[in-house]
Amino acid sequence: MPISSEHARTWISRWDRQQETYVPHREERFTVLLDALEAACGRPDPLVLDLGCGPGSLAVRVLDRIPAATVVAVDADPLLLGLADAAHHDRPGLRFVEADLGRSVWGADLALSGPVDAAVSTTALHWLPEPELRVAYGELAGLLRPGGVLLNGDDLGVDDAAPGIAELERNLLRRAAGPRGESLDDWRQWWGGVTEDPALAELVARRGAGPAAGHRGAESARLSAHERALRAAGFAEVGTLWQHGGNRLVCAITGASMV
Ligand SMILES: C[S@@+](CC[C@H](N)C(=O)[O-])C[C@H]1O[C@@H](n2cnc3c(N)ncnc32)[C@H](O)[C@@H]1O
């Protein structure tokens, strides 16, 4: 049974509220990411990838900001992609693709029309263990045009380099998060709800025990793991554009010699 767009949007709006309880300043981080995306692409019709797109929260915000963009949004979770597709299938310029970013050659699954101007991602790439992160960044480096950018918003700690600062960053995030409202889902409640929704039974079954079925935890939650993997993939510049506590917008730029 097809899921109605309205039904999918209700779950996505609950997803956004659930994510906001874990990511204080989530909307502010989206806004800064989109500002940087616009500035970095320098054209009205960029080709943009959204890595670990979930139900498409960032992908649609990219199109709201840059309506002539083409956005290819990638995730390994068929349930989240099914919600995204049901809600946004009629959105011009937006395509959702199922692929595991930690597996090599996922770029081939995307059927891209040309070199990618930018990749964006939020609260996703810390899921990948470091060896898979290296695969993902290596594959991405081969898809981006020279001077192309990665803009990655995530909670990334500096425990290995500066444990005292890492503790202060966590303290700032706890303060910004504040107490959880009674009416809000947490991660477990949101997943419990979709799993019990008869309209989503087919997607729940497809999710099965695939690569996305279990949150494997904060595998690459250190900033240094991302810096190492990005440098190893050949990115020429890596830096932080915005941050509140450990919540960062990391930017990496490919060198002119790539591609
Ligand atoms: C917390 S959600 C964030 C989703 C979305 N970017 C957002 O900000 O709302 C993390 C996402 O990363 C995806 N993900 C985790 N590991 C992945 C992998 N190896 N390949 C593709 N997607 C993956 C999950 O399926 C999930 O949708």
# chains A, B, ... in the order shown; residues from 1 in each chain; ligands from 1
>>> residues_near_ligand(ligand="ligand 1", cutoff="7 Å", atoms="only C-alpha atoms and all ligand atoms", output="ChimeraX atom specification")
/A:16,19,51-58,74-77,80,99-102,121-125,127-128,211-212
>>> write_last_selection(atoms="N, CA and C atoms", output="mmCIF file, in the first residue's frame")
data_model
loop_
_atom_site.group_PDB
_atom_site.id
_atom_site.type_symbol
_atom_site.label_atom_id
_atom_site.label_comp_id
_atom_site.auth_asym_id
_atom_site.auth_seq_id
_atom_site.Cartn_x
_atom_site.Cartn_y
_atom_site.Cartn_z
ATOM 1 N N ASP A 16 12.238 15.450 12.704
ATOM 2 C CA ASP A 16 12.964 16.708 12.887
ATOM 3 C C ASP A 16 12.934 17.146 14.350
ATOM 4 N N GLN A 19 15.242 14.908 16.280
ATOM 5 C CA GLN A 19 16.653 15.232 16.060
ATOM 6 C C GLN A 19 17.059 16.514 16.790
ATOM 7 N N LEU A 51 24.813 13.176 1.955
ATOM 8 C CA LEU A 51 25.314 11.869 2.405
ATOM 9 C C LEU A 51 24.699 11.489 3.745
ATOM 10 N N GLY A 52 24.035 10.324 3.792
ATOM 11 C CA GLY A 52 23.327 9.924 5.021
ATOM 12 C C GLY A 52 22.127 10.828 5.222
ATOM 13 N N CYS A 53 21.312 10.911 4.169
ATOM 14 C CA CYS A 53 20.247 11.936 4.112
ATOM 15 C C CYS A 53 19.071 11.653 5.041
ATOM 16 N N GLY A 54 18.951 10.408 5.544
ATOM 17 C CA GLY A 54 17.772 10.089 6.365
ATOM 18 C C GLY A 54 16.502 10.371 5.582
ATOM 19 N N PRO A 55 15.487 10.957 6.223
ATOM 20 C CA PRO A 55 14.232 11.219 5.506
ATOM 21 C C PRO A 55 14.256 12.520 4.689
ATOM 22 N N GLY A 56 15.449 13.072 4.438
ATOM 23 C CA GLY A 56 15.560 14.164 3.471
ATOM 24 C C GLY A 56 15.480 15.572 4.036
ATOM 25 N N SER A 57 15.654 15.718 5.343
ATOM 26 C CA SER A 57 15.505 17.038 5.971
ATOM 27 C C SER A 57 16.441 18.084 5.346
ATOM 28 N N LEU A 58 17.709 17.711 5.168
ATOM 29 C CA LEU A 58 18.672 18.667 4.610
ATOM 30 C C LEU A 58 18.490 18.803 3.096
ATOM 31 N N VAL A 74 21.570 10.334 -0.491
ATOM 32 C CA VAL A 74 21.990 8.940 -0.370
ATOM 33 C C VAL A 74 21.846 8.467 1.069
ATOM 34 N N ASP A 75 21.314 7.268 1.234
ATOM 35 C CA ASP A 75 21.239 6.675 2.568
ATOM 36 C C ASP A 75 21.161 5.158 2.407
ATOM 37 N N ALA A 76 21.482 4.453 3.487
ATOM 38 C CA ALA A 76 21.431 2.984 3.442
ATOM 39 C C ALA A 76 20.123 2.452 4.009
ATOM 40 N N ASP A 77 19.278 3.339 4.544
ATOM 41 C CA ASP A 77 18.084 2.864 5.268
ATOM 42 C C ASP A 77 16.839 2.958 4.396
ATOM 43 N N LEU A 80 13.799 5.057 5.965
ATOM 44 C CA LEU A 80 13.924 6.519 5.930
ATOM 45 C C LEU A 80 13.807 7.022 4.493
ATOM 46 N N ALA A 99 22.230 3.427 -0.876
ATOM 47 C CA ALA A 99 23.613 2.946 -1.014
ATOM 48 C C ALA A 99 24.290 2.988 0.347
ATOM 49 N N ASP A 100 25.232 2.084 0.531
ATOM 50 C CA ASP A 100 26.012 2.034 1.764
ATOM 51 C C ASP A 100 27.306 2.815 1.536
ATOM 52 N N LEU A 101 27.451 3.932 2.238
ATOM 53 C CA LEU A 101 28.596 4.826 2.008
ATOM 54 C C LEU A 101 29.927 4.208 2.439
ATOM 55 N N GLY A 102 29.858 3.207 3.299
ATOM 56 C CA GLY A 102 31.079 2.576 3.778
ATOM 57 C C GLY A 102 31.593 1.489 2.842
ATOM 58 N N SER A 121 26.216 16.969 4.486
ATOM 59 C CA SER A 121 25.837 15.867 5.367
ATOM 60 C C SER A 121 25.559 16.436 6.752
ATOM 61 N N THR A 122 24.576 15.862 7.455
ATOM 62 C CA THR A 122 24.364 16.260 8.849
ATOM 63 C C THR A 122 24.083 15.040 9.717
ATOM 64 N N THR A 123 24.758 15.011 10.848
ATOM 65 C CA THR A 123 24.543 14.011 11.909
ATOM 66 C C THR A 123 24.564 12.591 11.366
ATOM 67 N N ALA A 124 25.427 12.310 10.435
ATOM 68 C CA ALA A 124 25.410 11.001 9.781
ATOM 69 C C ALA A 124 26.786 10.344 9.731
ATOM 70 N N LEU A 125 27.818 11.086 9.374
ATOM 71 C CA LEU A 125 29.079 10.415 9.042
ATOM 72 C C LEU A 125 29.806 9.887 10.274
ATOM 73 N N TRP A 127 28.551 7.840 12.133
ATOM 74 C CA TRP A 127 28.109 6.443 12.231
ATOM 75 C C TRP A 127 29.135 5.484 11.649
ATOM 76 N N LEU A 128 29.966 5.978 10.735
ATOM 77 C CA LEU A 128 30.860 5.071 10.013
ATOM 78 C C LEU A 128 32.140 4.822 10.822
ATOM 79 N N PRO A 211 22.270 -2.842 6.412
ATOM 80 C CA PRO A 211 23.370 -2.096 7.032
ATOM 81 C C PRO A 211 22.902 -0.986 7.963
ATOM 82 N N ALA A 212 21.663 -0.491 7.752
ATOM 83 C CA ALA A 212 21.213 0.649 8.553
ATOM 84 C C ALA A 212 20.385 0.235 9.762
#
>>> select_by_dssp(residues="range 21-259 of chain A", states="helix (DSSP H, G or I)", output="number ranges by chain")
A: 21-22, 26-41, 57-65, 78-88, 106-110, 125-127, 130-143, 163-177, 187-196, 198-207, 223-232
>>> residues_around(residues="Glu202 in chain A", least_positions_apart="3", cutoff="12 Å", atoms="only C-alpha atoms", output="PyMOL selection string")
chain A and resi 1-3+78-79+82-83+194-199+205-208
>>> atom_distance(atom1="CA of Thr10 in chain A", atom2="CA of Gly193 in chain A")
11.8 Å
>>> residues_around(residues="Ala69 in chain A", least_positions_apart="6", cutoff="10 Å", atoms="only C-alpha atoms", output="list in words")
Arg43, Pro44, Asp45, Pro46, Leu47, Val48, Val62, Leu63, Pro92, Gly93 and Leu94 of chain A
>>> atom_distance(atom1="CA of Glu169 in chain A", atom2="CA of Leu223 in chain A")
12.6 Å
>>> residues_around(residues="Val238 in chain A", least_positions_apart="6", cutoff="9 Å", atoms="only C-alpha atoms", output="list of chain:residue names")
A:Glu227, A:Leu230, A:Arg231, A:Val250, A:Cys251, A:Ala252, A:Ile253
>>> write_last_selection(atoms="C-alpha atoms", output="PDB file, in the first residue's frame")
ATOM      1  CA  GLU A 227      40.618  15.124   9.404  1.00  0.00           C
ATOM      2  CA  LEU A 230      39.820  13.554   4.494  1.00  0.00           C
ATOM      3  CA  ARG A 231      43.558  14.199   4.142  1.00  0.00           C
ATOM      4  CA  VAL A 250      33.418  20.933   9.049  1.00  0.00           C
ATOM      5  CA  CYS A 251      34.449  22.001   5.556  1.00  0.00           C
ATOM      6  CA  ALA A 252      36.881  20.200   3.250  1.00  0.00           C
ATOM      7  CA  ILE A 253      37.954  21.381  -0.195  1.00  0.00           C
TER       8      ILE A 253
END
>>> closest_residue(among="A:Val32, A:Ala8, A:Val23, A:Leu37", to="Leu249 in chain A", atoms="only C-alpha atoms")
A:Val32
>>> closest_residue(among="A:Gly245, A:Gly114, A:Gly148, A:Gly107", to="Leu168 in chain A", atoms="only C-alpha atoms")
A:Gly245
